[in-house]
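To keep things clear, I will list the structure first and then write my remarks on it.
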Amino acid sequence: MNPSARSHDTIRAVLWQGDHLRLLDQRLLPREEAYVDCRTSDEVAQAIRDLVVRGAPAIGIAAAWGVVLAARQDRSGLDAALARLRAARPTAVNLMWALDRMQRVIARGADADALAAEAQAIHDEDLAANRHMGELGAALIAPGSGVLTHCNTGSLATAGYGTALGVIRAGVSAERIARVFAGETRPWLQGARLTVWELLRDAIPATLVADAAAAHLMSTGQVQWVVVGADRIAANGDTANKIGTYQLAISARHHGVKFMVVAPSSTVDMATASGRDIEIELRSPDELFGYAGQRTVVEGAMAWNPVFDVTPAGLIDAIVTERGVVEHPDTARMAAVFGAA
């Protein structure tokens, strides 16, 4: 890793404390930096549901530590704890991947210490993968480029460094990225609240844009790459990510802007043939009716609130994982890197 990149890597949101899990409460940022301590697996599942912790890799890591807490509390209740953790966020494949990995350790009859070692391995491997993906993705970007990112894909969403923001961190350190734009990402404003906070906290200048301004921004020539994360990548390269990603991909293709997806291989689900088979989580309409407890929409209104959308592989120029880069992804190119289902 480029030593200069260390100055852009100071944030950790998921912290194992030896007997409990401490999570930076992302609902409160940037107004307040507060932590939630989880001492049971149910508290971890609730934190995942309530978006205290968010981002597919961070969700998987938190869930792995939730299994450790369950094993230490009551090993006879492990199956029920695993089921509750699985149900917390259905779209994020990293959650299922991490729990499957923990379940294999359980099946070998391992004790709580062995489960803790496995959770720590999942945690450490994610950080190492993010740094490697950062280097791979940054190498695709020409010096002096501008990038636009969506949602939050940084240290807050991972073990550290980030996926798409890891590429941005590496690209800034290597002087390949000259301009960083962040979309606000409604309705939870992860871009406005979290990405801008995280980038400025790590001394990376960032410009916030309204989601509705993205296409116009591309038309000005200031953006050469859209760089986003993923919650699930299908066998053909179709990618589920935070709602609003699909329309960015369409706009990028129209304006000749490249589109990059950055995610660990645990996000790739070769058992899911295409994006049509990805379950899209619907959350409460209340999230659209107001913000921070203040209602902004008239009583009696209806709302539709999908949390994710699917970007077809044909709109993606590169998928970057720690296993390598898949350019112009399709079923054959995906299978060459990740194997057949």
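Each chain in the structure tokens gets a letter, A, B, ..., in the order shown, and its residues are numbered from 1; ligands are numbered from 1 in order too.
Excluding A:Ala273 itself and same-chain residues fewer than 4 positions from it, the residues having an atom within 12 Å of it are A:Arg232, A:Ile233, A:Ala234, A:Ala235, A:Asn236, A:Gly237, A:Asp238, A:Thr239, A:Val268, A:Asp269, A:Asp277, A:Ile278, A:Ala313, A:Asp330, A:Thr331, A:Ala332, A:Met334, A:Ala335, A:Ala340, A:Ala341, counting only C-alpha atoms.
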So that each row is one residue of stretch 27-138 of chain A with an atom at most 6 Å from stretch 151-161 of chain A, can you give its shortest atom pair and the distance in Å to one decimal, using only C-alpha atoms, rows by chain and rising number, as JSON lines?
{"residue": "A:Arg54", "atom": "CA", "partner": "A:Ala157", "partner_atom": "CA", "distance": 5.7}
{"residue": "A:Gly55", "atom": "CA", "partner": "A:Ala157", "partner_atom": "CA", "distance": 4.1}
{"residue": "A:Pro57", "atom": "CA", "partner": "A:Thr158", "partner_atom": "CA", "distance": 4.9}
{"residue": "A:Ala58", "atom": "CA", "partner": "A:Thr158", "partner_atom": "CA", "distance": 4.3}
{"residue": "A:His123", "atom": "CA", "partner": "A:Ala159", "partner_atom": "CA", "distance": 5.9}
{"residue": "A:Asp126", "atom": "CA", "partner": "A:Ala159", "partner_atom": "CA", "distance": 6.0}
{"residue": "A:Leu127", "atom": "CA", "partner": "A:Ala159", "partner_atom": "CA", "distance": 5.3}
Preceding selection exported with N, CA, C and O atoms as a short mmCIF file (atom, residue, chain, number, x, y, z; two decimals), in the first residue's frame:
data_model
loop_
_atom_site.label_atom_id
_atom_site.label_comp_id
_atom_site.auth_asym_id
_atom_site.auth_seq_id
_atom_site.Cartn_x
_atom_site.Cartn_y
_atom_site.Cartn_z
N ARG A 54 -24.23 -0.22 8.52
CA ARG A 54 -24.76 -0.39 7.18
C ARG A 54 -23.59 -0.50 6.22
O ARG A 54 -22.45 -0.24 6.59
N GLY A 55 -23.90 -0.94 5.00
CA GLY A 55 -22.86 -1.28 4.04
C GLY A 55 -22.66 -2.78 4.08
O GLY A 55 -22.47 -3.38 5.16
N PRO A 57 -20.33 -5.14 3.40
CA PRO A 57 -19.25 -5.80 4.13
C PRO A 57 -19.34 -5.61 5.64
O PRO A 57 -19.13 -6.55 6.41
N ALA A 58 -19.66 -4.39 6.07
CA ALA A 58 -19.76 -4.13 7.52
C ALA A 58 -20.89 -4.93 8.15
O ALA A 58 -20.77 -5.40 9.29
N HIS A 123 -13.00 -10.14 9.44
CA HIS A 123 -12.75 -8.71 9.64
C HIS A 123 -11.43 -8.29 8.97
O HIS A 123 -11.39 -7.34 8.18
N ASP A 126 -11.29 -8.54 5.07
CA ASP A 126 -12.01 -7.46 4.38
C ASP A 126 -11.13 -6.22 4.25
O ASP A 126 -11.07 -5.61 3.18
N LEU A 127 -10.45 -5.86 5.31
CA LEU A 127 -9.57 -4.69 5.25
C LEU A 127 -8.47 -4.89 4.21
O LEU A 127 -8.20 -3.99 3.40
#
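Going from atom CA of A:Val310 to atom CA of A:Trp188 covers 18.6 Å.
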Skipping near chain neighbours, those fewer than 3 positions away, what residues fall within 12 Å of stretch 286-290 of chain A using only C-alpha atoms, listed as a ChimeraX atom specification?
/A:50,186-189,282-283,293-307
Quick one: everything within 9 Å of A:Asp231, counting only C-alpha atoms, minus sequence neighbours fewer than 2 positions away in the same chain. Send it as a PDB file with N, CA, C and O atoms, in the first residue's frame.
ATOM      1  N   GLY A  55     -23.896  -0.941   4.997  1.00  0.00           N
ATOM      2  CA  GLY A  55     -22.862  -1.284   4.044  1.00  0.00           C
ATOM      3  C   GLY A  55     -22.659  -2.783   4.082  1.00  0.00           C
ATOM      4  O   GLY A  55     -22.466  -3.375   5.158  1.00  0.00           O
ATOM      5  N   ALA A  56     -22.734  -3.429   2.913  1.00  0.00           N
ATOM      6  CA  ALA A  56     -22.766  -4.885   2.872  1.00  0.00           C
ATOM      7  C   ALA A  56     -21.593  -5.543   3.613  1.00  0.00           C
ATOM      8  O   ALA A  56     -21.815  -6.457   4.419  1.00  0.00           O
ATOM      9  N   PRO A  57     -20.333  -5.137   3.401  1.00  0.00           N
ATOM     10  CA  PRO A  57     -19.247  -5.804   4.128  1.00  0.00           C
ATOM     11  C   PRO A  57     -19.340  -5.606   5.638  1.00  0.00           C
ATOM     12  O   PRO A  57     -19.132  -6.555   6.405  1.00  0.00           O
ATOM     13  N   THR A  91     -31.090  -8.335   1.279  1.00  0.00           N
ATOM     14  CA  THR A  91     -30.438  -8.119  -0.012  1.00  0.00           C
ATOM     15  C   THR A  91     -28.928  -8.274   0.062  1.00  0.00           C
ATOM     16  O   THR A  91     -28.291  -8.711  -0.894  1.00  0.00           O
ATOM     17  N   ALA A  92     -28.328  -7.931   1.190  1.00  0.00           N
ATOM     18  CA  ALA A  92     -26.872  -7.921   1.306  1.00  0.00           C
ATOM     19  C   ALA A  92     -26.327  -9.342   1.363  1.00  0.00           C
ATOM     20  O   ALA A  92     -26.435 -10.027   2.380  1.00  0.00           O
ATOM     21  N   VAL A  93     -25.718  -9.788   0.284  1.00  0.00           N
ATOM     22  CA  VAL A  93     -25.227 -11.169   0.219  1.00  0.00           C
ATOM     23  C   VAL A  93     -24.073 -11.395   1.184  1.00  0.00           C
ATOM     24  O   VAL A  93     -23.855 -12.512   1.664  1.00  0.00           O
ATOM     25  N   ASN A  94     -23.327 -10.337   1.524  1.00  0.00           N
ATOM     26  CA  ASN A  94     -22.233 -10.502   2.478  1.00  0.00           C
ATOM     27  C   ASN A  94     -22.735 -11.005   3.822  1.00  0.00           C
ATOM     28  O   ASN A  94     -22.027 -11.729   4.524  1.00  0.00           O
ATOM     29  N   GLY A 229     -20.289   0.988  -5.020  1.00  0.00           N
ATOM     30  CA  GLY A 229     -20.158  -0.320  -4.405  1.00  0.00           C
ATOM     31  C   GLY A 229     -21.251  -1.249  -4.892  1.00  0.00           C
ATOM     32  O   GLY A 229     -21.882  -1.023  -5.930  1.00  0.00           O
ATOM     33  N   ILE A 233     -23.875  -9.061  -6.499  1.00  0.00           N
ATOM     34  CA  ILE A 233     -23.523  -9.123  -7.910  1.00  0.00           C
ATOM     35  C   ILE A 233     -23.895 -10.504  -8.418  1.00  0.00           C
ATOM     36  O   ILE A 233     -23.439 -11.516  -7.880  1.00  0.00           O
ATOM     37  N   THR A 239     -25.822  -5.968 -11.095  1.00  0.00           N
ATOM     38  CA  THR A 239     -25.403  -5.545  -9.759  1.00  0.00           C
ATOM     39  C   THR A 239     -26.510  -4.800  -9.025  1.00  0.00           C
ATOM     40  O   THR A 239     -27.043  -3.802  -9.524  1.00  0.00           O
ATOM     41  N   ALA A 240     -26.835  -5.289  -7.837  1.00  0.00           N
ATOM     42  CA  ALA A 240     -27.758  -4.574  -6.953  1.00  0.00           C
ATOM     43  C   ALA A 240     -26.956  -3.647  -6.055  1.00  0.00           C
ATOM     44  O   ALA A 240     -25.956  -4.051  -5.447  1.00  0.00           O
ATOM     45  N   ASN A 241     -27.386  -2.410  -6.005  1.00  0.00           N
ATOM     46  CA  ASN A 241     -26.727  -1.425  -5.141  1.00  0.00           C
ATOM     47  C   ASN A 241     -27.789  -0.432  -4.672  1.00  0.00           C
ATOM     48  O   ASN A 241     -28.962  -0.526  -5.025  1.00  0.00           O
ATOM     49  N   LYS A 242     -27.361   0.528  -3.882  1.00  0.00           N
ATOM     50  CA  LYS A 242     -28.281   1.508  -3.311  1.00  0.00           C
ATOM     51  C   LYS A 242     -29.151   2.142  -4.394  1.00  0.00           C
ATOM     52  O   LYS A 242     -28.679   2.448  -5.486  1.00  0.00           O
ATOM     53  N   ALA A 263     -16.359  -4.165  -5.144  1.00  0.00           N
ATOM     54  CA  ALA A 263     -16.923  -4.971  -4.065  1.00  0.00           C
ATOM     55  C   ALA A 263     -16.058  -6.193  -3.831  1.00  0.00           C
ATOM     56  O   ALA A 263     -15.425  -6.697  -4.762  1.00  0.00           O
ATOM     57  N   THR A 267     -19.376 -10.527  -2.215  1.00  0.00           N
ATOM     58  CA  THR A 267     -20.593  -9.899  -2.722  1.00  0.00           C
ATOM     59  C   THR A 267     -21.086 -10.574  -3.996  1.00  0.00           C
ATOM     60  O   THR A 267     -22.235 -10.390  -4.394  1.00  0.00           O
ATOM     61  N   VAL A 268     -20.211 -11.330  -4.649  1.00  0.00           N
ATOM     62  CA  VAL A 268     -20.578 -12.016  -5.892  1.00  0.00           C
ATOM     63  C   VAL A 268     -21.349 -13.286  -5.546  1.00  0.00           C
ATOM     64  O   VAL A 268     -20.875 -14.133  -4.783  1.00  0.00           O
ATOM     65  N   PHE A 308     -32.865  -0.689  -2.929  1.00  0.00           N
ATOM     66  CA  PHE A 308     -31.857  -1.018  -3.928  1.00  0.00           C
ATOM     67  C   PHE A 308     -32.470  -1.006  -5.319  1.00  0.00           C
ATOM     68  O   PHE A 308     -33.694  -1.067  -5.474  1.00  0.00           O
TER      69      PHE A 308
END
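With distances restricted to only C-alpha atoms, A:Phe259 is the closest residue to A:Gln224 from A:Tyr291, A:Leu15, A:Phe259, A:Met270.
Excluding A:Gly144 itself and same-chain residues fewer than 6 positions from it, the residues having an atom within 8 Å of it are Glu175, Arg176, Ile177, Ala178 and Arg179 of chain A, counting only C-alpha atoms.
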Excluding A:Tyr246 and its own-chain neighbours fewer than 4 positions away, which residues fall within 8 Å of it when counting only C-alpha atoms? Please give them as a PyMOL selection string.
chain A and resi 250+309-312
Would you write out those residues with C-alpha atoms, as a PDB file, in the first residue's frame?
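The result, stored in again.pdb:
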ATOM      1  CA  ILE A 250     -27.820   5.101 -17.624  1.00  0.00           C
ATOM      2  CA  ASP A 309     -32.026  -1.178  -7.704  1.00  0.00           C
ATOM      3  CA  VAL A 310     -30.249  -3.398 -10.229  1.00  0.00           C
ATOM      4  CA  THR A 311     -27.776  -2.073 -12.779  1.00  0.00           C
ATOM      5  CA  PRO A 312     -27.556  -4.368 -15.835  1.00  0.00           C
TER       6      PRO A 312
END
Which of stretch 103-320 of chain A counts as alpha helix (DSSP H) under DSSP, as an MDAnalysis selection string please?
chainID A and resid 103:107 112:138 164:173 190 196:201 214:219 245:255 286:289
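Ranking A:Gly275, A:Val44, A:Ala182, A:Val52 by their shortest atom-to-atom distance to A:Leu82, with only C-alpha atoms included, puts A:Val44 first.
One finds atom CA of A:Glu198 at 28.9 Å from atom CA of A:Val68.
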For stretch 29-41 of chain A, work out the shell of residues within 7 Å, counting only C-alpha atoms and skipping chain neighbours fewer than 5 positions away, then give it as a PyMOL selection string.
chain A and resi 20-24+66-67+69-70+81+193-194+197
Nearest to A:Val147: which of A:Gly162, A:Gly221, A:Pro329, A:Gly109 is it, counting only C-alpha atoms?
A:Gly221
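For the set A:Asp111, A:Glu184, A:Arg169, A:Ala252, the residue with the smallest atom-to-atom gap to A:Leu200 is A:Arg169, counting only C-alpha atoms.
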